[in-house]
Every structure is written in structure tokens, then in C-alpha cells.
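**Student:** Provided herewith is a single structure, encoded as C-alpha cells, for subsequent inquiry.
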Amino acid sequence: REFEYSPGGRKGDIPDGHYTIHIEKQNYTTVEFPIESTTDEARKYSSFFPNTFILPKQGIIAAVVVDTDGKPITNGRFTLVDSQGKTMASGEAIQTGRIETKSVPDGQYMLHVGDSYWGEGFNYNPVEQNITMSGGIDVFLGRITLTKK
């Protein structure tokens with residue numbers, strides 16, 4: 001069974017039973033934990049929430065991709081993979097050459113810019129960069145300069 005809650009109210013009544021609470025907030029680690037709802041007839045409401053939830057913050061990774069003349073490279077993509085090779089984020093450079101991931105958990109990553117990640121016809125040599133995310137701190141890599149093939 002499911003119910004939704006947001007600050008300021010909830011939808012529907014919560015019958016007695018077993019549930020899993022799923023809490024998510026942008027740029028924070030999602031938290032899930034089991035609960036049991038029981039109605040206290042003397043108080044006429046259900047009570048089962050702890051007073052405090054701790055959501056670890058996640059950081060973003062950003063950079064500006066430029067050519068050797070310092071001009072933004074906007075016609076391509078980046079890919080971020082974890083230490084097991086799983087793709088954690090990918091995206092396209094915007095008009096200013098900026099690339100940016102969504103929230104990334106703590107860990108070790110490899111950022112790929114260029115080559116097959118950018119597709120056929122991309123005329124720049126690929127760049128890879130190791131990145132360590134820790135403590136939910138955002139990482140700005142500055143300029144990543146790509147050289148022509």
C-alpha cells in the first residue's frame with residue numbers, strides 16, 4: 001500500500017499496516033526505511049515518524065569544455081562512470097561549453113569527454129579525468145581543453 005506526504009498535508013488516510021518510507025530531495029541521497037503504522041484510538045491519529053531524518057548531501061560535477069583557442073565546444077556529450085563501469089551521468093555541453101552532472105554520491109569516478117562519447121565526426125581527442133566525490137561537496141573542474149585530432 002502507498003500514501004504520499006508533503007509538507008502542508010498528505011493525500012488519503014493511512015491504514016494500519018507495514019510500509020516503506022521513501023524520502024528524496026534534489027542533491028541529497030535518497031533514504032528508505034520500513035515502518036509500521038498503528039492507530040492509537042485514544043488520540044485518533046497514526047503516529048510512526050521519527051522526529052529527524054538525515055539525508056546525506058550529494059555533490060555535482062561541472063566543467064567548461066573549450067578548444068585550444070579557449071572557445072567553448074558545444075556540439076557534444078560527456079559521460080561519468082563509477083569504479084565498476086556503470087554510467088552515473090551523461091549529458092550535453094550547453095552553449096557556453098559548460099557540462100554538469102546531476103547529484104552524484106560519494107565515490108570514485110571517471111569523466112569521459114570526447115571520442116565515442118561524443119559520437120562520429122567529433123574532431124577532438126578524448127579526455128578522461130579521475131574524480132573523487134566526498135562529503136557531498138560540489139566539484140568544479142575548471143576548463144577542460146580538447147585538442148584537434
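FYI, nothing fancy with the C-alpha cells labels: chains A, B, ... in order, residues from 1 per chain, ligands from 1 as they appear.
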Within 7 Å of stretch 122-131 of chain A, counting only C-alpha atoms, which residues show up once you throw out same-chain ones fewer than 5 positions away? Write them as a list of chain:residue names, please.

**Tutor:**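 Close residues of stretch 122-131 of chain A: A:Gln108, A:Tyr109, A:Met110, A:Leu111, A:His112, A:Val113, A:Gly114, A:Asp115, A:Leu146, A:Thr147, A:Lys148, A:Lys149.
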
**Student:** I want to know what sits within 6 Å of A:Ile61, based on only C-alpha atoms, with residues of the same chain fewer than 6 positions away left out; could you give that as a list of chain:residue names?

**Tutor:**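 In the requested form, the answer reads A:Glu100, A:Thr101, A:Val139, A:Phe140.
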
**Student:** Only all heavy atoms, please: the residues just picked out, written as a PDB file, in the first residue's frame.

**Tutor:**
```
ATOM      1  N   GLU A 100      27.602  19.598 -16.797  1.00  0.00           N
ATOM      2  CA  GLU A 100      27.261  19.484 -15.378  1.00  0.00           C
ATOM      3  C   GLU A 100      26.460  18.217 -15.149  1.00  0.00           C
ATOM      4  O   GLU A 100      25.525  17.921 -15.887  1.00  0.00           O
ATOM      5  CB  GLU A 100      26.448  20.697 -14.939  1.00  0.00           C
ATOM      6  CG  GLU A 100      26.144  20.725 -13.462  1.00  0.00           C
ATOM      7  CD  GLU A 100      25.451  22.004 -13.038  1.00  0.00           C
ATOM      8  OE1 GLU A 100      25.987  23.091 -13.328  1.00  0.00           O
ATOM      9  OE2 GLU A 100      24.371  21.894 -12.427  1.00  0.00           O
ATOM     10  N   THR A 101      26.829  17.478 -14.107  1.00  0.00           N
ATOM     11  CA  THR A 101      26.072  16.284 -13.726  1.00  0.00           C
ATOM     12  C   THR A 101      24.943  16.684 -12.796  1.00  0.00           C
ATOM     13  O   THR A 101      24.949  17.775 -12.226  1.00  0.00           O
ATOM     14  CB  THR A 101      26.958  15.261 -12.980  1.00  0.00           C
ATOM     15  OG1 THR A 101      27.331  15.807 -11.711  1.00  0.00           O
ATOM     16  CG2 THR A 101      28.181  14.880 -13.794  1.00  0.00           C
ATOM     17  N   VAL A 139      32.066  19.713  -7.168  1.00  0.00           N
ATOM     18  CA  VAL A 139      33.406  19.757  -7.747  1.00  0.00           C
ATOM     19  C   VAL A 139      33.344  20.515  -9.068  1.00  0.00           C
ATOM     20  O   VAL A 139      32.625  20.109  -9.986  1.00  0.00           O
ATOM     21  CB  VAL A 139      33.953  18.327  -7.990  1.00  0.00           C
ATOM     22  CG1 VAL A 139      35.283  18.371  -8.733  1.00  0.00           C
ATOM     23  CG2 VAL A 139      34.094  17.582  -6.668  1.00  0.00           C
ATOM     24  N   PHE A 140      34.072  21.637  -9.156  1.00  0.00           N
ATOM     25  CA  PHE A 140      34.196  22.367 -10.421  1.00  0.00           C
ATOM     26  C   PHE A 140      35.596  22.122 -10.948  1.00  0.00           C
ATOM     27  O   PHE A 140      36.579  22.467 -10.298  1.00  0.00           O
ATOM     28  CB  PHE A 140      33.925  23.862 -10.249  1.00  0.00           C
ATOM     29  CG  PHE A 140      34.022  24.614 -11.547  1.00  0.00           C
ATOM     30  CD1 PHE A 140      33.108  24.359 -12.569  1.00  0.00           C
ATOM     31  CD2 PHE A 140      35.037  25.525 -11.764  1.00  0.00           C
ATOM     32  CE1 PHE A 140      33.188  25.033 -13.793  1.00  0.00           C
ATOM     33  CE2 PHE A 140      35.118  26.210 -12.968  1.00  0.00           C
ATOM     34  CZ  PHE A 140      34.193  25.963 -13.989  1.00  0.00           C
TER      35      PHE A 140
END
```

**Student:** Fewer than 4 positions away in the same chain doesn't count, so skip those; otherwise give me all residues within 8 Å of A:Leu141, counting only C-alpha atoms, as a PyMOL selection string.

**Tutor:** chain A and resi 61-64

**Student:** Kindly save the residues from that selection, with all heavy atoms included, as an mmCIF file, in the first residue's frame.

**Tutor:**
```cif
data_model
loop_
_atom_site.group_PDB
_atom_site.id
_atom_site.type_symbol
_atom_site.label_atom_id
_atom_site.label_comp_id
_atom_site.auth_asym_id
_atom_site.auth_seq_id
_atom_site.Cartn_x
_atom_site.Cartn_y
_atom_site.Cartn_z
ATOM 1 N N ILE A 61 29.208 17.622 -10.410
ATOM 2 C CA ILE A 61 30.491 17.821 -11.074
ATOM 3 C C ILE A 61 30.227 18.726 -12.265
ATOM 4 O O ILE A 61 29.290 18.487 -13.028
ATOM 5 C CB ILE A 61 31.092 16.482 -11.542
ATOM 6 C CG1 ILE A 61 31.321 15.567 -10.339
ATOM 7 C CG2 ILE A 61 32.387 16.714 -12.324
ATOM 8 C CD1 ILE A 61 31.647 14.131 -10.704
ATOM 9 N N ALA A 62 31.044 19.758 -12.417
ATOM 10 C CA ALA A 62 30.864 20.691 -13.525
ATOM 11 C C ALA A 62 32.224 21.078 -14.095
ATOM 12 O O ALA A 62 33.252 21.007 -13.416
ATOM 13 C CB ALA A 62 30.111 21.931 -13.064
ATOM 14 N N ALA A 63 32.220 21.479 -15.356
ATOM 15 C CA ALA A 63 33.428 21.944 -16.048
ATOM 16 C C ALA A 63 32.994 22.738 -17.268
ATOM 17 O O ALA A 63 31.815 22.731 -17.643
ATOM 18 C CB ALA A 63 34.305 20.772 -16.461
ATOM 19 N N VAL A 64 33.942 23.417 -17.889
ATOM 20 C CA VAL A 64 33.705 24.096 -19.152
ATOM 21 C C VAL A 64 34.664 23.485 -20.170
ATOM 22 O O VAL A 64 35.878 23.449 -19.942
ATOM 23 C CB VAL A 64 33.926 25.617 -19.039
ATOM 24 C CG1 VAL A 64 33.772 26.283 -20.400
ATOM 25 C CG2 VAL A 64 32.954 26.219 -18.035
#
```

**Student:** For A:Ser90, find every residue with an atom within 7 Å (counting only C-alpha atoms), except residues of its own chain fewer than 6 positions away, and show them as a PyMOL selection string.

**Tutor:** chain A and resi 77-80+101

**Student:** Work out how far apart atom CA of A:Ile73 and atom CA of A:Gly59 are and give it in Å to one decimal.

**Tutor:**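 Between these atoms lies a distance of 24.0 Å.
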